[in-house]
$ cat start_11.txt   # compact mmCIF, C-alpha atoms (C1' of nucleotides)
# COMPACT_ATOMS: atom_id res chain seq x y z
CA MET D 1 41.25 -12.17 33.03
CA SER D 2 42.98 -14.86 35.03
CA CYS D 3 41.86 -15.58 38.51
CA GLU D 4 45.03 -14.09 39.94
CA GLU D 5 44.68 -10.89 37.94
CA LEU D 6 41.11 -10.59 39.08
CA PHE D 7 42.19 -11.07 42.66
CA ARG D 8 45.00 -8.49 42.41
CA LYS D 9 42.53 -5.99 40.99
CA THR D 10 40.00 -6.63 43.71
CA LEU D 11 42.67 -6.29 46.38
CA LYS D 12 43.78 -2.99 44.90
CA GLN D 13 40.24 -1.66 44.85
CA HIS D 14 40.06 -2.34 48.56
CA GLY D 15 43.47 -0.90 49.39
CA LEU D 16 44.82 -4.35 50.17
CA ARG D 17 48.04 -6.01 49.09
CA MET D 18 49.13 -9.09 47.23
CA THR D 19 51.61 -11.16 49.18
CA HIS D 20 53.52 -14.38 48.66
CA GLN D 21 51.24 -16.07 51.14
CA ARG D 22 48.03 -15.00 49.42
CA GLU D 23 49.45 -16.03 46.09
CA ALA D 24 50.37 -19.43 47.46
CA VAL D 25 46.93 -20.01 48.98
CA LEU D 26 45.24 -18.93 45.78
CA LYS D 27 47.43 -21.31 43.79
CA ALA D 28 46.67 -24.13 46.21
CA MET D 29 42.95 -23.49 45.84
CA HIS D 30 43.34 -23.49 42.06
CA ALA D 31 45.07 -26.83 42.12
CA SER D 32 42.20 -28.36 44.07
CA HIS D 33 39.09 -28.94 42.05
CA GLU D 34 37.28 -30.52 44.95
CA PRO D 35 36.52 -29.06 48.40
CA VAL D 36 39.53 -29.32 50.70
CA THR D 37 40.25 -28.77 54.38
CA VAL D 38 42.26 -25.89 55.79
CA GLU D 39 44.98 -28.37 56.67
CA THR D 40 45.26 -29.52 53.05
CA ILE D 41 45.37 -25.97 51.75
CA TYR D 42 48.03 -25.14 54.30
CA GLU D 43 50.19 -28.10 53.27
CA ARG D 44 49.88 -27.35 49.57
CA ALA D 45 50.44 -23.64 49.95
CA ALA D 46 53.40 -24.11 52.28
CA ARG D 47 55.31 -25.83 49.47
CA ASP D 48 55.21 -22.61 47.46
CA CYS D 49 55.96 -20.36 50.33
CA ASN D 50 59.09 -20.46 52.43
CA VAL D 51 57.20 -19.28 55.50
CA LEU D 52 53.50 -19.68 56.08
CA ASP D 53 51.39 -19.87 59.21
CA LEU D 54 48.09 -21.65 59.63
CA SER D 55 46.52 -18.48 60.95
CA THR D 56 47.48 -16.73 57.73
CA VAL D 57 45.68 -19.42 55.77
CA TYR D 58 42.56 -18.86 57.87
CA ARG D 59 42.80 -15.12 57.35
CA THR D 60 43.37 -15.53 53.63
CA LEU D 61 40.46 -17.93 53.20
CA ASP D 62 38.31 -15.47 55.04
CA LEU D 63 39.32 -12.80 52.57
CA PHE D 64 38.66 -15.10 49.62
CA GLN D 65 35.20 -15.76 50.97
CA GLN D 66 34.46 -12.07 51.23
CA PHE D 67 35.48 -11.67 47.61
CA GLY D 68 33.39 -14.65 46.58
CA LEU D 69 36.42 -16.55 45.33
CA VAL D 70 35.90 -19.39 47.75
CA SER D 71 32.92 -21.04 49.37
CA VAL D 72 32.73 -23.14 52.51
CA VAL D 73 31.02 -26.47 52.90
CA ASN D 74 30.55 -27.70 56.44
CA ALA D 75 30.20 -31.44 56.69
CA GLN D 76 30.16 -33.34 59.96
CA GLY D 77 31.73 -30.46 61.77
CA ILE D 78 34.62 -30.11 59.33
CA ASN D 79 34.96 -27.10 57.06
CA TYR D 80 35.82 -27.67 53.44
CA TYR D 81 36.85 -24.81 51.20
CA GLU D 82 36.27 -24.79 47.49
CA HIS D 83 37.30 -22.52 44.67
CA VAL D 84 34.17 -21.24 42.98
CA GLY D 85 33.62 -19.88 39.52
CA LEU D 86 35.86 -22.39 37.77
CA ASP D 87 33.26 -24.96 36.97
CA GLU D 88 29.57 -24.70 36.30
CA PRO D 89 27.29 -24.14 39.32
CA HIS D 90 26.92 -27.35 41.22
CA VAL D 91 25.84 -28.95 44.46
CA HIS D 92 27.74 -31.48 46.57
CA LEU D 93 27.13 -35.09 47.40
CA LEU D 94 29.20 -35.94 50.46
CA CYS D 95 29.74 -39.59 51.30
CA SER D 96 29.56 -39.75 55.08
CA GLN D 97 31.50 -43.01 55.05
CA CYS D 98 34.56 -42.41 52.87
CA GLY D 99 34.36 -38.61 52.99
CA LYS D 100 34.55 -38.19 49.22
CA ILE D 101 32.68 -35.25 47.73
CA PHE D 102 31.00 -35.51 44.35
CA SER D 103 29.65 -32.60 42.34
CA VAL D 104 26.46 -32.63 40.33
CA PRO D 105 25.05 -29.81 38.20
CA LEU D 106 22.92 -27.34 40.07
CA ALA D 107 20.33 -27.72 37.34
CA GLU D 108 19.29 -31.07 38.77
CA ALA D 109 18.31 -29.47 42.07
CA GLN D 110 16.85 -26.32 40.56
CA PRO D 111 13.25 -27.55 40.35
CA LEU D 112 13.28 -28.35 44.06
CA LEU D 113 14.78 -24.97 44.95
CA ASP D 114 12.21 -23.23 42.79
CA GLY D 115 9.56 -25.22 44.62
CA PHE D 116 10.88 -24.04 47.99
CA ALA D 117 10.73 -20.47 46.75
CA ALA D 118 7.19 -20.86 45.49
CA ARG D 119 5.75 -22.83 48.39
CA HIS D 120 7.76 -21.59 51.36
CA HIS D 121 9.10 -18.22 50.20
CA PHE D 122 12.57 -19.45 51.03
CA THR D 123 15.48 -18.66 48.73
CA VAL D 124 18.13 -21.37 48.94
CA ASP D 125 21.75 -20.36 48.51
CA PRO D 126 22.98 -22.98 46.03
CA THR D 127 26.66 -22.42 46.85
CA GLU D 128 26.07 -23.89 50.30
CA LEU D 129 24.18 -26.94 49.19
CA THR D 130 25.44 -30.34 50.30
CA PHE D 131 23.67 -33.67 50.43
CA GLN D 132 25.08 -36.24 52.80
CA GLY D 133 24.68 -39.90 52.14
CA ILE D 134 26.44 -43.03 50.92
CA CYS D 135 28.22 -43.33 47.60
CA GLN D 136 28.01 -46.35 45.35
CA GLY D 137 31.43 -47.68 46.33
CA CYS D 138 30.70 -47.62 50.05
CA ARG D 139 27.23 -49.08 49.64
CA GLU D 140 28.66 -52.03 47.71
CA LYS D 141 31.34 -52.51 50.35
CA ASP D 142 28.65 -52.48 53.06
CA SER D 143 26.46 -55.08 51.39
CA THR D 144 29.50 -57.29 50.81
CA ALA D 145 30.71 -56.95 54.40
CA GLY D 146 27.42 -57.57 56.12
CA MET M 1 4.09 -45.84 74.08
CA SER M 2 5.36 -42.48 75.20
CA CYS M 3 8.77 -41.36 74.19
CA GLU M 4 10.04 -41.72 77.72
CA GLU M 5 8.69 -45.24 78.10
CA LEU M 6 10.31 -46.16 74.81
CA PHE M 7 13.57 -44.70 76.00
CA ARG M 8 13.45 -46.52 79.33
CA LYS M 9 12.80 -49.77 77.51
CA THR M 10 15.66 -49.21 75.09
CA LEU M 11 17.99 -48.36 77.96
CA LYS M 12 17.01 -51.54 79.77
CA GLN M 13 17.62 -53.64 76.69
CA HIS M 14 21.17 -52.32 76.62
CA GLY M 15 21.79 -52.71 80.33
CA LEU M 16 21.78 -48.95 80.77
CA ARG M 17 20.02 -46.81 83.39
CA MET M 18 17.53 -43.98 83.52
CA THR M 19 18.78 -41.02 85.51
CA HIS M 20 17.46 -37.61 86.46
CA GLN M 21 19.85 -36.06 84.01
CA ARG M 22 18.76 -38.20 81.08
CA GLU M 23 15.14 -37.57 81.92
CA ALA M 24 15.74 -33.82 82.02
CA VAL M 25 17.55 -33.79 78.69
CA LEU M 26 14.83 -35.89 77.10
CA LYS M 27 12.20 -33.52 78.44
CA ALA M 28 14.14 -30.52 77.16
CA MET M 29 14.33 -32.09 73.71
CA HIS M 30 10.62 -32.78 73.80
CA ALA M 31 9.86 -29.20 74.61
CA SER M 32 11.84 -28.05 71.58
CA HIS M 33 10.14 -28.67 68.29
CA GLU M 34 12.90 -27.03 66.36
CA PRO M 35 16.61 -27.87 66.25
CA VAL M 36 18.44 -26.40 69.24
CA THR M 37 22.03 -25.97 70.33
CA VAL M 38 23.69 -27.92 73.14
CA GLU M 39 23.76 -24.73 75.16
CA THR M 40 19.99 -24.33 74.87
CA ILE M 41 19.35 -27.94 75.81
CA TYR M 42 21.65 -27.55 78.79
CA GLU M 43 19.86 -24.44 80.02
CA ARG M 44 16.42 -25.98 79.65
CA ALA M 45 17.39 -29.30 81.19
CA ALA M 46 19.21 -27.65 84.09
CA ARG M 47 15.93 -26.14 85.27
CA ASP M 48 14.58 -29.64 85.88
CA CYS M 49 17.71 -31.01 87.39
CA ASN M 50 19.36 -29.72 90.54
CA VAL M 51 22.79 -30.69 89.25
CA LEU M 52 23.72 -31.07 85.63
CA ASP M 53 26.99 -30.73 83.79
CA LEU M 54 27.47 -29.74 80.18
CA SER M 55 29.55 -32.85 79.59
CA THR M 56 26.61 -34.97 80.70
CA VAL M 57 24.44 -33.25 78.12
CA TYR M 58 26.96 -34.07 75.43
CA ARG M 59 27.11 -37.68 76.59
CA THR M 60 23.34 -37.94 76.75
CA LEU M 61 22.84 -36.45 73.31
CA ASP M 62 25.37 -38.93 72.02
CA LEU M 63 23.30 -41.72 73.50
CA PHE M 64 20.10 -40.31 72.04
CA GLN M 65 21.71 -40.24 68.65
CA GLN M 66 22.74 -43.87 68.91
CA PHE M 67 19.16 -44.75 69.73
CA GLY M 68 17.87 -42.64 66.86
CA LEU M 69 15.95 -40.36 69.19
CA VAL M 70 17.85 -37.30 68.14
CA SER M 71 19.50 -36.13 64.95
CA VAL M 72 22.19 -33.53 64.45
CA VAL M 73 22.17 -30.71 61.92
CA ASN M 74 25.40 -28.86 61.41
CA ALA M 75 24.96 -25.37 60.09
CA GLN M 76 27.75 -22.86 59.78
CA GLY M 77 29.92 -24.81 62.16
CA ILE M 78 27.28 -24.98 64.87
CA ASN M 79 25.61 -28.25 65.85
CA TYR M 80 21.85 -28.28 66.29
CA TYR M 81 20.07 -31.22 67.90
CA GLU M 82 16.54 -32.16 67.06
CA HIS M 83 14.09 -34.67 68.46
CA VAL M 84 13.11 -37.01 65.64
CA GLY M 85 10.14 -39.29 65.28
CA LEU M 86 7.64 -36.77 66.56
CA ASP M 87 6.75 -35.24 63.26
CA GLU M 88 6.71 -36.60 59.77
CA PRO M 89 10.06 -36.99 57.97
CA HIS M 90 11.27 -33.59 56.91
CA VAL M 91 14.20 -31.55 55.69
CA HIS M 92 15.45 -28.22 57.02
CA LEU M 93 15.54 -24.76 55.57
CA LEU M 94 18.07 -22.74 57.56
CA CYS M 95 18.01 -18.98 57.20
CA SER M 96 21.65 -17.94 57.24
CA GLN M 97 20.66 -14.43 58.28
CA CYS M 98 18.32 -14.84 61.26
CA GLY M 99 19.31 -18.43 62.01
CA LYS M 100 15.74 -19.72 62.07
CA ILE M 101 15.19 -23.25 60.91
CA PHE M 102 12.04 -24.22 59.01
CA SER M 103 10.89 -27.75 58.32
CA VAL M 104 9.32 -28.94 55.10
CA PRO M 105 8.06 -32.43 54.30
CA LEU M 106 10.69 -34.79 52.98
CA ALA M 107 8.27 -35.72 50.21
CA GLU M 108 9.03 -32.43 48.48
CA ALA M 109 12.67 -33.34 48.13
CA GLN M 110 12.12 -37.01 47.41
CA PRO M 111 12.04 -36.72 43.61
CA LEU M 112 15.46 -35.05 43.66
CA LEU M 113 16.91 -37.67 45.99
CA ASP M 114 15.52 -40.43 43.80
CA GLY M 115 17.14 -38.68 40.86
CA PHE M 116 20.51 -38.68 42.63
CA ALA M 117 20.14 -42.39 43.30
CA ALA M 118 19.24 -43.13 39.70
CA ARG M 119 21.76 -40.88 37.98
CA HIS M 120 24.68 -40.84 40.42
CA HIS M 121 24.18 -44.01 42.47
CA PHE M 122 24.29 -41.87 45.58
CA THR M 123 21.89 -42.54 48.45
CA VAL M 124 21.17 -39.34 50.35
CA ASP M 125 20.55 -39.57 54.08
CA PRO M 126 17.40 -37.44 54.47
CA THR M 127 17.89 -36.94 58.21
CA GLU M 128 20.98 -34.84 57.50
CA LEU M 129 19.44 -32.66 54.87
CA THR M 130 19.60 -28.90 55.31
CA PHE M 131 19.21 -26.15 52.77
CA GLN M 132 20.75 -22.81 53.62
CA GLY M 133 19.31 -19.61 52.30
CA ILE M 134 17.25 -16.57 53.13
CA CYS M 135 13.76 -16.68 54.58
CA GLN M 136 10.94 -14.42 53.49
CA GLY M 137 11.19 -12.17 56.54
CA CYS M 138 14.88 -11.48 56.08
CA ARG M 139 14.56 -10.98 52.33
CA GLU M 140 11.89 -8.36 52.85
CA LYS M 141 14.01 -6.65 55.49
CA ASP M 142 16.95 -6.63 53.04
CA SER M 143 15.01 -5.09 50.19
CA THR M 144 13.61 -2.48 52.54
CA ALA M 145 17.02 -1.63 53.96
CA GLY M 146 18.64 -1.32 50.55
C1' DC G 1 57.83 5.78 54.16
C1' DT G 2 53.27 4.17 55.41
C1' DT G 3 50.36 0.83 56.97
C1' DG G 4 48.61 -3.64 55.70
C1' DC G 5 50.18 -8.39 56.49
C1' DT G 6 52.58 -11.97 58.81
C1' DG G 7 54.40 -15.29 62.25
C1' DC G 8 54.14 -16.39 66.72
C1' DA G 9 52.02 -17.47 70.82
C1' DA G 10 48.27 -17.07 73.60
C1' DA G 11 43.29 -16.92 73.92
C1' DT G 12 38.61 -18.74 72.63
C1' DT G 13 35.18 -21.91 71.64
C1' DC G 14 33.29 -26.31 71.31
C1' DT G 15 33.71 -31.00 72.59
C1' DT G 16 35.81 -35.04 74.75
C1' DT G 17 38.05 -37.65 78.41
C1' DG G 18 40.00 -39.51 83.04
C1' DC G 19 38.75 -40.30 87.51
C1' DA G 20 36.78 -40.84 92.03
C1' DC G 21 32.38 -40.69 93.91
C1' DT G 22 27.33 -41.60 93.59
C1' DC G 23 23.07 -43.69 92.76
C1' DA G 24 19.83 -46.71 89.84
C1' DC G 25 18.68 -51.25 89.72
C1' DG E 1 26.26 -54.36 96.57
C1' DT E 2 27.76 -53.47 91.69
C1' DG E 3 28.96 -51.01 87.93
C1' DA E 4 26.86 -47.51 84.95
C1' DG E 5 26.61 -42.54 85.17
C1' DT E 6 27.93 -38.14 86.99
C1' DG E 7 30.41 -33.73 88.09
C1' DC E 8 34.58 -31.77 87.88
C1' DA E 9 38.62 -30.38 85.90
C1' DA E 10 41.78 -30.92 82.52
C1' DA E 11 42.83 -32.17 77.79
C1' DG E 12 41.97 -31.72 72.79
C1' DA E 13 40.85 -29.86 68.37
C1' DA E 14 39.67 -26.05 65.44
C1' DT E 15 39.77 -21.30 64.93
C1' DT E 16 40.68 -16.43 66.31
C1' DT E 17 43.27 -12.59 68.10
C1' DG E 18 47.03 -9.24 69.92
C1' DC E 19 51.21 -7.60 68.82
C1' DA E 20 55.79 -6.31 67.18
C1' DG E 21 58.41 -6.66 63.16
C1' DC E 22 58.34 -7.12 58.07
C1' DA E 23 57.47 -5.82 53.40
C1' DA E 24 54.26 -4.25 49.41
C1' DG E 25 53.00 -0.16 47.22
$ encode --input "start_11.txt" --output "structure tokens"
Amino acid sequence: MSCEELFRKTLKQHGLRMTHQREAVLKAMHASHEPVTVETIYERAARDCNVLDLSTVYRTLDLFQQFGLVSVVNAQGINYYEHVGLDEPHVHLLCSQCGKIFSVPLAEAQPLLDGFAARHHFTVDPTELTFQGICQGCREKDSTAG
Amino acid sequence: MSCEELFRKTLKQHGLRMTHQREAVLKAMHASHEPVTVETIYERAARDCNVLDLSTVYRTLDLFQQFGLVSVVNAQGINYYEHVGLDEPHVHLLCSQCGKIFSVPLAEAQPLLDGFAARHHFTVDPTELTFQGICQGCREKDSTAG
DNA sequence: CTTGCTGCAAATTCTTTGCACTCAC
DNA sequence: GTGAGTGCAAAGAATTTGCAGCAAG
């Protein structure tokens, strides 16, 4: 089942409707394989949709979250939205300098998360997991510059 | 050297001044051994300070950050400020249900961070590290409730 | 037709900024 | 005294909300 079919079905089950706007936002999320800002989603979706308001994008993303289609990453006060379920489970590496977000397999972090569960009885939600730091490119630039 | 002495010294070095307000905010941060919101800091500091404005708290926290006295944790769009340097280096476990923040030694996460450096050439900033999930208390409540 | 959804504009929330006055040094 | 720091009020930025008209089913 395609993502759109799945979404239509889920909407129906909840007595909700498919609209041009929702379709456009969904398509925009599909086209983005990395986490994107509301602004970006709005711009991309607006191309497919003769009329579209930012508030509609917020409302739609909210809906997507409820249905588990989209997850939010908050980094430095900015919300990034990401389409989930397309790729394998992963965590994020956010470069606090250039803002790029890299994905690495969740499996790498799993031992640590299991450790947290065992030692601290804390169950980490892996969809919300982001590590901030400096990527290779920016680190090289830094050492060159000063 | 006490934290306040250190702060006074650092201020002096930069040609800056110690004020009632800064003292009150510093004291409020001291009193909080867990990450707190600006609002909380403001309330606590205001008790020690006949006049205090929220904007001053923001400005002071900004200063503290520059001096490395305070670090910021952003969780679910809300900024939490935490006094650093008092305890050993640590990472945060944020319960997304009750909002409590737990600290665990950085050492537990170090192997993973080293792995990221080795495999992805990405240097994680451990002061910004927060894992969201569900704490034991809330999990038990959930399973009881249904 | 029914009522969920939308655009619009206004409201909220969190944070920052400009400015004249004040106070630490 | 001097200029860094403050309170105040207003500006910004990001997000939410109320409402009347529109459109999906």
$ axis_aligned_box --input "start_11.txt" --around "segment 3-21 of chain E" --padding-each-side "3 Å" --output "lines of an AutoDock Vina configuration file"
center_x = 42.5
center_y = -28.7
center_z = 75.6
size_x = 37.8
size_y = 50.7
size_z = 30.9
$ interface_residues --input "start_11.txt" --of "chain E" --to "chain M" --cutoff "10 Å" --atoms "all atoms listed in the file" --output "mmCIF file with C-alpha atoms (C1' of nucleotides), in the frame of the given file"
data_model
loop_
_atom_site.group_PDB
_atom_site.id
_atom_site.type_symbol
_atom_site.label_atom_id
_atom_site.label_comp_id
_atom_site.auth_asym_id
_atom_site.auth_seq_id
_atom_site.Cartn_x
_atom_site.Cartn_y
_atom_site.Cartn_z
ATOM 1 C "C1'" DA E 4 26.860 -47.510 84.950
ATOM 2 C "C1'" DG E 5 26.610 -42.540 85.170
ATOM 3 C "C1'" DT E 6 27.930 -38.140 86.990
ATOM 4 C "C1'" DG E 7 30.410 -33.730 88.090
ATOM 5 C "C1'" DC E 8 34.580 -31.770 87.880
#
$ residues_around --input "start_11.txt" --residues "DA10 of chain G" --least-positions-apart "3" --cutoff "12 Å" --atoms "all atoms listed in the file" --output "PyMOL selection string"
chain E and resi 16-19
$ residues_near_point --input "start_11.txt" --point "(39.9, -33.7, 66.4)" --cutoff "10 Å" --atoms "all atoms listed in the file" --output "list in words"
Gly77 and Ile78 of chain D; DT15 and DT16 of chain G; DG12, DA13 and DA14 of chain E
$ interface_residues --input "start_11.txt" --of "chain D" --to "chain M" --cutoff "12 Å" --atoms "all atoms listed in the file" --output "PyMOL selection string"
chain D and resi 71-80+91-97+100-140
$ closest_residue --input "start_11.txt" --among "M:Tyr58, M:Phe7, M:Tyr42, M:Phe64" --to "chain G" --atoms "all atoms listed in the file"
M:Tyr58
$ decode --input "start_11.txt" --residues "segment 2-23 of chain G" --atoms "N, CA and C atoms (P, O5', C5', C4', C3', O3' and C1' of nucleotides)" --output "CSV table (one decimal), in the first residue's frame"
chain,number,residue,atom,x,y,z
G,2,DT,P,-28.8,18.6,5.9
G,2,DT,O5',-27.4,18.1,6.6
G,2,DT,C5',-27.0,16.8,6.5
G,2,DT,C4',-25.5,16.7,6.8
G,2,DT,C3',-25.0,17.5,8.0
G,2,DT,O3',-24.4,16.5,8.8
G,2,DT,C1',-23.6,17.8,6.1
G,3,DT,P,-23.9,16.9,10.3
G,3,DT,O5',-22.4,17.2,10.2
G,3,DT,C5',-21.5,16.3,9.7
G,3,DT,C4',-20.1,16.9,9.4
G,3,DT,C3',-19.7,17.9,10.5
G,3,DT,O3',-18.3,17.9,10.6
G,3,DT,C1',-19.8,19.0,8.5
G,4,DG,P,-17.5,17.0,11.6
G,4,DG,O5',-16.1,16.8,10.9
G,4,DG,C5',-16.0,16.0,9.7
G,4,DG,C4',-15.0,16.5,8.7
G,4,DG,C3',-13.7,17.0,9.4
G,4,DG,O3',-12.7,16.8,8.5
G,4,DG,C1',-14.8,18.8,8.2
G,5,DC,P,-11.2,17.2,8.7
G,5,DC,O5',-11.1,18.5,7.8
G,5,DC,C5',-11.2,18.4,6.4
G,5,DC,C4',-10.8,19.7,5.7
G,5,DC,C3',-9.5,20.2,6.3
G,5,DC,O3',-8.6,20.5,5.2
G,5,DC,C1',-11.3,21.9,6.3
G,6,DT,P,-7.3,21.4,5.4
G,6,DT,O5',-7.8,22.8,5.0
G,6,DT,C5',-8.3,23.0,3.6
G,6,DT,C4',-8.5,24.5,3.4
G,6,DT,C3',-7.4,25.3,3.8
G,6,DT,O3',-6.9,26.1,2.6
G,6,DT,C1',-9.4,26.1,4.8
G,7,DG,P,-5.5,26.9,2.7
G,7,DG,O5',-6.1,28.3,2.8
G,7,DG,C5',-6.9,28.9,1.8
G,7,DG,C4',-7.4,30.2,2.2
G,7,DG,C3',-6.3,31.2,2.5
G,7,DG,O3',-6.7,32.5,1.9
G,7,DG,C1',-7.7,30.9,4.4
G,8,DC,P,-5.7,33.7,1.9
G,8,DC,O5',-6.1,34.6,3.1
G,8,DC,C5',-7.5,35.0,3.2
G,8,DC,C4',-7.8,35.5,4.6
G,8,DC,C3',-6.6,36.4,5.2
G,8,DC,O3',-7.1,37.7,5.3
G,8,DC,C1',-7.5,34.9,6.8
G,9,DA,P,-6.1,38.9,5.6
G,9,DA,O5',-6.5,39.2,7.1
G,9,DA,C5',-7.9,39.0,7.6
G,9,DA,C4',-7.9,39.0,9.1
G,9,DA,C3',-6.8,39.9,9.7
G,9,DA,O3',-7.4,40.4,10.9
G,9,DA,C1',-6.5,37.7,10.5
G,10,DA,P,-6.6,41.6,11.8
G,10,DA,O5',-7.1,41.3,13.2
G,10,DA,C5',-8.1,40.3,13.5
G,10,DA,C4',-7.8,39.5,14.7
G,10,DA,C3',-6.9,40.2,15.7
G,10,DA,O3',-7.4,39.9,17.0
G,10,DA,C1',-5.9,38.2,15.1
G,11,DA,P,-6.7,40.4,18.3
G,11,DA,O5',-6.2,39.1,19.0
G,11,DA,C5',-7.1,38.0,19.1
G,11,DA,C4',-6.4,36.8,19.7
G,11,DA,C3',-5.6,37.1,21.0
G,11,DA,O3',-5.8,36.1,21.9
G,11,DA,C1',-4.2,36.2,19.3
G,12,DT,P,-5.3,36.3,23.4
G,12,DT,O5',-4.3,35.1,23.6
G,12,DT,C5',-3.6,34.7,22.5
G,12,DT,C4',-2.7,33.5,22.8
G,12,DT,C3',-1.8,33.7,24.0
G,12,DT,O3',-1.5,32.5,24.6
G,12,DT,C1',-0.5,33.7,22.0
G,13,DT,P,-0.8,32.4,26.0
G,13,DT,O5',0.7,32.0,25.5
G,13,DT,C5',0.9,30.9,24.7
G,13,DT,C4',2.4,30.8,24.3
G,13,DT,C3',3.3,31.2,25.5
G,13,DT,O3',4.4,30.2,25.6
G,13,DT,C1',3.9,32.5,23.5
G,14,DC,P,5.4,30.2,26.8
G,14,DC,O5',6.7,30.6,26.1
G,14,DC,C5',7.2,29.9,24.9
G,14,DC,C4',8.3,30.7,24.3
G,14,DC,C3',9.4,31.2,25.2
G,14,DC,O3',10.6,30.8,24.7
G,14,DC,C1',8.6,32.9,23.9
G,15,DT,P,12.0,31.0,25.5
G,15,DT,O5',12.5,32.3,24.8
G,15,DT,C5',12.7,32.3,23.4
G,15,DT,C4',13.1,33.7,22.9
G,15,DT,C3',14.2,34.4,23.6
G,15,DT,O3',15.3,34.4,22.7
G,15,DT,C1',12.5,35.9,23.1
G,16,DT,P,16.6,35.3,23.0
G,16,DT,O5',16.3,36.7,22.3
G,16,DT,C5',15.8,36.7,21.0
G,16,DT,C4',15.7,38.1,20.5
G,16,DT,C3',16.9,39.1,20.8
G,16,DT,O3',17.1,39.8,19.6
G,16,DT,C1',14.9,40.0,21.7
G,17,DT,P,18.4,40.8,19.5
G,17,DT,O5',17.7,42.2,19.6
G,17,DT,C5',16.5,42.4,19.0
G,17,DT,C4',16.1,43.9,19.2
G,17,DT,C3',17.2,44.9,19.5
G,17,DT,O3',16.9,46.1,18.8
G,17,DT,C1',15.7,45.0,21.2
G,18,DG,P,18.0,47.2,18.5
G,18,DG,O5',17.3,48.5,19.0
G,18,DG,C5',15.9,48.8,18.7
G,18,DG,C4',15.5,50.0,19.4
G,18,DG,C3',16.6,51.1,19.6
G,18,DG,O3',15.9,52.4,19.5
G,18,DG,C1',15.8,50.3,21.7
G,19,DC,P,16.8,53.7,19.7
G,19,DC,O5',16.4,54.1,21.2
G,19,DC,C5',15.1,54.0,21.7
G,19,DC,C4',15.0,54.5,23.1
G,19,DC,C3',16.2,55.5,23.5
G,19,DC,O3',15.6,56.5,24.3
G,19,DC,C1',16.1,53.7,25.0
G,20,DA,P,16.4,58.0,24.3
G,20,DA,O5',16.1,58.4,25.8
G,20,DA,C5',14.8,58.4,26.4
G,20,DA,C4',14.9,58.0,27.8
G,20,DA,C3',15.8,59.0,28.6
G,20,DA,O3',15.2,59.2,29.9
G,20,DA,C1',16.5,56.7,28.9
G,21,DC,P,15.8,60.2,30.9
G,21,DC,O5',16.1,59.3,32.2
G,21,DC,C5',15.1,58.4,32.6
G,21,DC,C4',15.7,57.3,33.5
G,21,DC,C3',16.5,57.9,34.7
G,21,DC,O3',16.1,57.3,35.9
G,21,DC,C1',17.7,56.2,33.5
G,22,DT,P,16.8,57.7,37.3
G,22,DT,O5',17.7,56.4,37.6
G,22,DT,C5',17.2,55.1,37.4
G,22,DT,C4',18.3,54.1,37.8
G,22,DT,C3',19.1,54.4,39.0
G,22,DT,O3',19.2,53.2,39.7
G,22,DT,C1',20.5,54.1,37.2
G,23,DC,P,19.6,53.2,41.3
G,23,DC,O5',21.0,52.4,41.3
G,23,DC,C5',21.0,51.2,40.5
G,23,DC,C4',22.5,50.8,40.3
G,23,DC,C3',23.4,51.0,41.5
G,23,DC,O3',24.4,50.0,41.4
G,23,DC,C1',24.2,52.2,39.7
